[in-house]
Amino acid sequence: MADRSGSPAKKNPLFGAAVVKAVLRKRDGVTASNALYEGILRDLGITDAEVEAYLAAHREEIEQAIRSHGRRGD
């Protein structure tokens, strides 16, 4: 799979999927919305492992994106 971590956040499918996963974790857990999350992964052609790695490497950037959109996930 191509490295997508260098592309701008707005065009990076890993960034988008990581934001979704972070919000779901804070709200009610990824497992509660597993079908939604799995569909996103399938549509974007990425894996959960790729999202986890991206999330670990860009956690603050992802949290800032969530805060800037008024979705604190609390």
# chains A, B, ... in the order shown; residues from 1 in each chain; ligands from 1

$ residues_around --residues "Leu55 of chain A" --least-positions-apart "6" --cutoff "10 Å" --atoms "only C-alpha atoms" --output "MDAnalysis selection string"
chainID A and resid 14:15 17:19 21:22 49 61:63

$ write_last_selection --atoms "C-alpha atoms" --output "compact mmCIF listing (two decimals), in the first residue's frame"
# COMPACT_ATOMS: atom_id res chain seq x y z
CA LEU A 14 -5.91 7.87 6.79
CA PHE A 15 -6.48 11.24 8.45
CA ALA A 17 -10.52 7.50 9.05
CA ALA A 18 -8.42 8.31 12.12
CA VAL A 19 -10.71 11.23 12.97
CA LYS A 21 -12.17 6.31 14.83
CA ALA A 22 -11.11 8.83 17.49
CA ALA A 49 -3.79 -1.28 11.30
CA GLU A 61 -3.30 16.82 14.87
CA ILE A 62 -6.38 14.59 14.91
CA GLU A 63 -7.55 15.91 18.29

$ atom_distance --atom1 "atom CA of Tyr37 of chain A" --atom2 "atom CA of Val20 of chain A"
7.6 Å

$ residues_around --residues "Gly45 of chain A" --least-positions-apart "5" --cutoff "10 Å" --atoms "only C-alpha atoms" --output "list of chain:residue names"
A:Met1, A:Pro13, A:Leu14, A:Gly39, A:Ile40

$ atom_distance --atom1 "atom CA of Lys11 of chain A" --atom2 "atom CA of Glu50 of chain A"
15.8 Å

$ atom_distance --atom1 "atom CA of Asp48 of chain A" --atom2 "atom CA of Gly16 of chain A"
12.4 Å

$ decode --residues "segment 35-69 of chain A" --atoms "C-alpha atoms" --output "compact mmCIF listing (two decimals), in the first residue's frame"
# COMPACT_ATOMS: atom_id res chain seq x y z
CA ALA A 35 -20.36 -1.49 10.42
CA LEU A 36 -19.90 2.23 9.78
CA TYR A 37 -16.17 2.13 10.48
CA GLU A 38 -15.60 -1.06 8.47
CA GLY A 39 -17.48 0.48 5.55
CA ILE A 40 -15.26 3.55 5.68
CA LEU A 41 -12.14 1.39 5.65
CA ARG A 42 -13.45 -0.65 2.74
CA ASP A 43 -14.46 2.44 0.73
CA LEU A 44 -11.08 4.09 1.30
CA GLY A 45 -9.09 0.92 0.65
CA ILE A 46 -7.19 1.09 3.93
CA THR A 47 -6.82 -1.17 6.94
CA ASP A 48 -7.49 -0.67 10.63
CA ALA A 49 -3.79 -1.28 11.30
CA GLU A 50 -2.91 1.62 8.99
CA VAL A 51 -5.42 3.85 10.78
CA GLU A 52 -4.05 2.84 14.19
CA ALA A 53 -0.48 3.63 13.10
CA TYR A 54 -1.55 6.98 11.68
CA LEU A 55 -3.56 7.78 14.81
CA ALA A 56 -0.58 7.01 17.03
CA ALA A 57 1.73 9.20 14.95
CA HIS A 58 -0.68 12.13 14.53
CA ARG A 59 -2.81 12.08 17.67
CA GLU A 60 -2.52 15.80 18.46
CA GLU A 61 -3.30 16.82 14.87
CA ILE A 62 -6.38 14.59 14.91
CA GLU A 63 -7.55 15.91 18.29
CA GLN A 64 -7.11 19.47 17.01
CA ALA A 65 -9.22 18.69 13.95
CA ILE A 66 -11.97 17.28 16.17
CA ARG A 67 -11.88 20.33 18.44
CA SER A 68 -11.88 22.76 15.51
CA HIS A 69 -15.10 21.25 14.19
